[in-house]
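Worksheet: one structure, shown below.
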Amino acid sequence: MRSGLTQAPPRHVPAHRRPREPRRWAWWLVTAVAALVLLVATTMVIVYARLTGNVRHIDVTGADLGAARPAKMASTALNVLIVGSDRRDGGNSRYGRLAGERTDTIMLAHLSSGRDNAMVVSFPRDSLVRLPACQARDGLPGQQPHLGMINESFNSGGIACTWKTVETLTGIRIDHFVKVDFSGFTSMVDAVGGVEVCLPEPVHDAKALLHLPAGRQTLNGEQALGYVRARYSFGDGSDIGRIQRQQMFIASMVKKVMSSETLTDPARLLGFLDAGTKAVTTDPALTPGVMKDLALSLRGLNAGRIRFITTPWHYSLTHPGRVEWVQPQADRLFELVARDRDPGEVEGGQTTVPRSQVQVELRNGTYQAGLGTQVAALLEQRGYHVTKVGDTTRKPYAKTLVYYSPNGEARVPTLTKDLVAATPAAVPQAATSRLVLVLGDDWAGLKPLRTGDTEAVKGFDATHDTCATS
C-alpha cells in the first residue's frame, strides 16, 4: 500500500551554488606542461649526449708529465693549454697534404679564481728554449733534453710533451688542454655567423687563398683560417706579427660569442657548441659537463676582462730566425699567472694610447738593407702593430720622421717616446690614425725600457676594436 506521503520534487539549486566539476581545460593544461617538461628534458639529454659524443679525448698521464710538476699556487684558478694543430689528414686534407702534425699556435688560457678576469698568454712558435725530456708514446719518438724550438715538443711527444714543456718553462701548473684543428676552426667561425675584422689595406695572398679588400668586414670560416695563418702578406712577415693578428681575431670572436647576438639565439648557440665540441680534442677530465659548469661560472665575465699577452721576446743574435724570451719580464709574467694575480699588474707604465692600439707603417729612407724589417721586429716586440714594411721612393732621408694625420695625432707621443730621435710631421690632408715612420740617416734605435715599464708584455683586452686604429 502506498504511503500517503508523496515524494517532494527536487529542489532547484541556483547555478552559482552547484558543486564545481573539474574543468577539462585544467587537465589539458597539466598534461601540456608535463609533456613540455618531458620534451625539454629529453631535448637536453639528447643535446648533452650529442655534445658529449662530439668531443675526442687523449689521456695525459702522470708518467707523461713527470714527478717534478709545478705546485698549484691558486687552487681554484684554472689554466688551460690551447694548441692549434696543422694536421692535414681527414677533413683537413683540403689544406694540403703533409705527414705528421705540428702546432701552429701555442697559448695558455688562465681563468682567475673568482672567474672575473682571464689572461691568454701566447708563446711564439719560433721560441728557442730549453726543452725537457719526454717519453715516447703513440708512435712518436719522445724527446731528449736539448735547446730547440718550443713547437718541437708536439712533433716529438704529442700534446703530453707540449704540456710538460710549457709547465717546465713557465712554472705554471696546467689543468687541462684543448687542441683545435683547421676544419674545426672554420666550423666554429661559420657557426657564429662569421667574425668581424678590419684590414688597413687590401690583402692578396695566393698561398693562404686569401683575397680581401681593405676596411671593416666579416670573415667566414675559410677566410678566417687564411687570415690567422697568413704570414707573409701582413706586416713584416714575422711569426710575431701573425700572433698579434691571431690575438685580435680571437678577441673579436670572443666578443661575438659572448654577445646577445649569439647567447639569445638558441639555434646559433647550439650550432656553435656543436661545432666547438666537434672541433676539439681534450683530456678526459674536460668533459662537456665541465665545460658547461665553467661557462656558467663565467657568466659575469665581460669581454673587457680578457687580456691577450705575448711572452716577452727578442730576436736571437746567435741563432738567426729564432726568438728568445726576455728576462726577467717573462718570468714575472709567468709568476703573475701562477699566483693568480690581477692581469692589470703587468701593464707597468701607461702611455697615452696603448702601444697595442698604435698601427705603424715603416719606410726605410736609408741605404741600410733590411733596416725596416729589423725596426719592425723591435716595435712589435714592444707591442706595436706594424702594418707594412717598405722603402721610400727617394733616398736618403737625413732625418727620421713620424708622419701623422689629425686622426693619428694622439698616438704620436706613444711612438716618439720610444724612439731616440724622431721628428713628427703633420699630413693635414690624410684621414687615417695610422702613423708612418720614415727611417733616416740619423736613426739611433729605440730607447731602453724604463725601470718598471713592463709594457712590452702588456696585451690588449677583448673589447679592443681592430678598426679603431685604421
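A note on labels: chains of the C-alpha cells are A, B, ... as shown, every chain counts residues from 1, and ligands are counted from 1 in their shown order.
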
| query | Hey, what's within 9 Å of Asp175 (chain A) if we count only C-alpha atoms and toss same-chain stuff fewer than 4 positions away? As a count of residues only, please? | reply | 4

Contact table region 213-257 of chain A vs region 180-184 of chain A, cut-off 12 Å, shortest pair per residue, only C-alpha atoms, as a Markdown table:
```
| residue | atom | partner | partner_atom | distance |
| --- | --- | --- | --- | --- |
| A:Gly221 | CA | A:Ser183 | CA | 8.7 |
| A:Glu222 | CA | A:Ser183 | CA | 8.8 |
| A:Gln223 | CA | A:Phe182 | CA | 11.8 |
| A:Ala224 | CA | A:Phe182 | CA | 10.4 |
| A:Leu225 | CA | A:Phe182 | CA | 7.3 |
| A:Gly226 | CA | A:Phe182 | CA | 10.1 |
| A:Val228 | CA | A:Phe182 | CA | 10.8 |
| A:Arg229 | CA | A:Phe182 | CA | 10.0 |
```

Selection: 10 Å around Arg341 (chain A), only C-alpha atoms, excl. self and same-chain fewer than 5 positions, as a PDB file with N, CA, C and O atoms, in the first residue's frame:
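Listed below is the output, selection.pdb:
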```
ATOM      1  N   ALA A  74      97.265  28.607  -6.893  1.00  0.00           N
ATOM      2  CA  ALA A  74      95.909  29.135  -6.699  1.00  0.00           C
ATOM      3  C   ALA A  74      94.946  27.998  -6.992  1.00  0.00           C
ATOM      4  O   ALA A  74      94.694  27.660  -8.155  1.00  0.00           O
ATOM      5  N   SER A 112      90.767  33.299 -13.705  1.00  0.00           N
ATOM      6  CA  SER A 112      91.011  33.648 -12.312  1.00  0.00           C
ATOM      7  C   SER A 112      90.117  32.857 -11.364  1.00  0.00           C
ATOM      8  O   SER A 112      89.081  32.309 -11.764  1.00  0.00           O
ATOM      9  N   SER A 113      90.511  32.805 -10.096  1.00  0.00           N
ATOM     10  CA  SER A 113      89.751  32.059  -9.093  1.00  0.00           C
ATOM     11  C   SER A 113      88.329  32.582  -8.979  1.00  0.00           C
ATOM     12  O   SER A 113      87.385  31.805  -8.809  1.00  0.00           O
ATOM     13  N   LEU A 333     105.871  37.642 -15.722  1.00  0.00           N
ATOM     14  CA  LEU A 333     104.553  37.355 -16.284  1.00  0.00           C
ATOM     15  C   LEU A 333     104.064  35.978 -15.831  1.00  0.00           C
ATOM     16  O   LEU A 333     102.916  35.819 -15.394  1.00  0.00           O
ATOM     17  N   GLU A 335     104.925  34.278 -13.226  1.00  0.00           N
ATOM     18  CA  GLU A 335     104.648  34.275 -11.792  1.00  0.00           C
ATOM     19  C   GLU A 335     103.272  34.864 -11.498  1.00  0.00           C
ATOM     20  O   GLU A 335     102.533  34.361 -10.653  1.00  0.00           O
ATOM     21  N   LEU A 336     102.926  35.944 -12.212  1.00  0.00           N
ATOM     22  CA  LEU A 336     101.607  36.548 -12.026  1.00  0.00           C
ATOM     23  C   LEU A 336     100.501  35.561 -12.366  1.00  0.00           C
ATOM     24  O   LEU A 336      99.485  35.462 -11.670  1.00  0.00           O
ATOM     25  N   VAL A 346     100.595  43.665 -14.903  1.00  0.00           N
ATOM     26  CA  VAL A 346     101.651  43.549 -15.904  1.00  0.00           C
ATOM     27  C   VAL A 346     101.709  44.769 -16.817  1.00  0.00           C
ATOM     28  O   VAL A 346     102.562  44.841 -17.674  1.00  0.00           O
TER      29      VAL A 346
END
```

| field | Top pick for closest residue to Val323 (chain A), considering A:Leu140, A:Val402, A:Ala377, A:Leu219 and counting only C-alpha atoms | value | A:Ala377

Residues of region 139-201 of chain A at most 7 Å from region 281-298 of chain A: nearest atom pair and distance in Å, only C-alpha atoms, as a Markdown table:
```
| residue | atom | partner | partner_atom | distance |
| --- | --- | --- | --- | --- |
| A:His176 | CA | A:Asp283 | CA | 6.2 |
| A:Phe177 | CA | A:Thr282 | CA | 5.5 |
| A:Val178 | CA | A:Thr282 | CA | 4.8 |
| A:Lys179 | CA | A:Thr281 | CA | 5.1 |
| A:Val180 | CA | A:Thr281 | CA | 6.7 |
```

For the residues in the current selection, export N, CA and C atoms as a short mmCIF file (atom, residue, chain, number, x, y, z; two decimals), in the first residue's frame.
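out-v6.cif was written with the following content:
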```
data_model
loop_
_atom_site.label_atom_id
_atom_site.label_comp_id
_atom_site.auth_asym_id
_atom_site.auth_seq_id
_atom_site.Cartn_x
_atom_site.Cartn_y
_atom_site.Cartn_z
N HIS A 176 94.12 21.50 -17.83
CA HIS A 176 93.51 20.83 -18.98
C HIS A 176 94.19 21.28 -20.26
N PHE A 177 93.90 20.57 -21.35
CA PHE A 177 94.36 21.03 -22.66
C PHE A 177 93.20 20.97 -23.65
N VAL A 178 93.30 21.80 -24.68
CA VAL A 178 92.35 21.80 -25.79
C VAL A 178 93.16 21.90 -27.08
N LYS A 179 92.88 20.99 -28.01
CA LYS A 179 93.54 21.04 -29.32
C LYS A 179 92.48 21.28 -30.39
N VAL A 180 92.74 22.24 -31.27
CA VAL A 180 91.80 22.60 -32.33
C VAL A 180 92.48 22.41 -33.68
#
```

So that each row is one residue of region 237-271 of chain A with an atom at most 10 Å from region 120-124 of chain A, can you give its shortest atom pair and the distance in Å to one decimal, using only C-alpha atoms, rows by chain and rising number, as CSV?
```
residue,atom,partner,partner_atom,distance
A:Asp239,CA,A:Pro124,CA,7.0
A:Ile240,CA,A:Pro124,CA,6.6
A:Arg242,CA,A:Pro124,CA,9.5
A:Ile243,CA,A:Pro124,CA,7.3
A:Gln244,CA,A:Ser122,CA,9.2
A:Gln246,CA,A:Ser122,CA,9.7
A:Gln247,CA,A:Ser122,CA,8.4
```

| task | Have a look at A:Gly215, A:Thr165, A:Asn151, A:Gly276 and name the one nearest to Val192 (chain A); count only C-alpha atoms. | result | A:Gly276

| task | Write out as a PyMOL selection string the residues lying within 7 Å of Ala330 (chain A), counting only C-alpha atoms and excluding same-chain residues fewer than 5 positions away. | result | chain A and resi 311-312+325

| Computed interatomic separation between CA of Gly157 (chain A) and CA of Gly142 (chain A) (Å) |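 A separation of 4.8 Å between them.
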
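Remark: for Val353 (chain A), the closest of the candidate residues A:Ile250, A:Leu169, A:Val337, A:Leu415 is A:Leu415 (distances computed over only C-alpha atoms).
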
| request: Report the residues of region 149-256 of chain A whose backbone DSSP state falls under strand (DSSP E or B), written as a PyMOL selection string. | output: chain A and resi 149+176-180+195-199+203-205+210-212+215-219+235

Take the residues that were just selected and, keeping C-alpha atoms, output them as a PDB file, in the first residue's frame.
```pdb
ATOM      1  CA  MET A 149     112.113  25.464 -30.766  1.00  0.00           C
ATOM      2  CA  HIS A 176      93.507  20.826 -18.977  1.00  0.00           C
ATOM      3  CA  PHE A 177      94.362  21.028 -22.656  1.00  0.00           C
ATOM      4  CA  VAL A 178      92.351  21.801 -25.792  1.00  0.00           C
ATOM      5  CA  LYS A 179      93.543  21.035 -29.320  1.00  0.00           C
ATOM      6  CA  VAL A 180      91.796  22.603 -32.326  1.00  0.00           C
ATOM      7  CA  VAL A 195      83.759  37.247 -37.234  1.00  0.00           C
ATOM      8  CA  GLU A 196      84.457  40.923 -37.896  1.00  0.00           C
ATOM      9  CA  VAL A 197      87.969  42.214 -38.590  1.00  0.00           C
ATOM     10  CA  CYS A 198      89.403  45.394 -40.061  1.00  0.00           C
ATOM     11  CA  LEU A 199      92.190  45.468 -42.638  1.00  0.00           C
ATOM     12  CA  VAL A 203      95.265  41.541 -48.924  1.00  0.00           C
ATOM     13  CA  HIS A 204      96.053  39.205 -51.813  1.00  0.00           C
ATOM     14  CA  ASP A 205      97.804  36.064 -50.600  1.00  0.00           C
ATOM     15  CA  LEU A 210      93.062  34.931 -49.243  1.00  0.00           C
ATOM     16  CA  HIS A 211      91.799  37.933 -51.220  1.00  0.00           C
ATOM     17  CA  LEU A 212      90.202  40.658 -49.127  1.00  0.00           C
ATOM     18  CA  GLY A 215      88.277  48.062 -44.247  1.00  0.00           C
ATOM     19  CA  ARG A 216      85.838  46.556 -41.773  1.00  0.00           C
ATOM     20  CA  GLN A 217      84.351  43.235 -42.858  1.00  0.00           C
ATOM     21  CA  THR A 218      83.007  39.926 -41.576  1.00  0.00           C
ATOM     22  CA  LEU A 219      85.061  36.834 -42.449  1.00  0.00           C
ATOM     23  CA  GLY A 235     103.101  43.475 -41.615  1.00  0.00           C
TER      24      GLY A 235
END
```

| said: Measuring between only C-alpha atoms, which one of A:Arg382, A:Arg434, A:Lys255, A:Lys278 shows the shortest distance to Thr186 (chain A)? | reply: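 For Thr186 (chain A), the nearest of the given residues is A:Lys278.
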
| task | Pull the alpha helix (DSSP H) assignments for region 151-375 of chain A out of DSSP run on the backbone, and list those residues as a ChimeraX atom specification. | result | /A:152-170,182-191,221-229,239-258,260-263,266-279,288-297,329-338,371-375

| request: Just give me the gap between CA of Gly158 (chain A) and CA of Ala208 (chain A) in Å, one decimal is fine. | output: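 If I compute the distance from CA of Gly158 (chain A) to CA of Ala208 (chain A), I get 25.8 Å.
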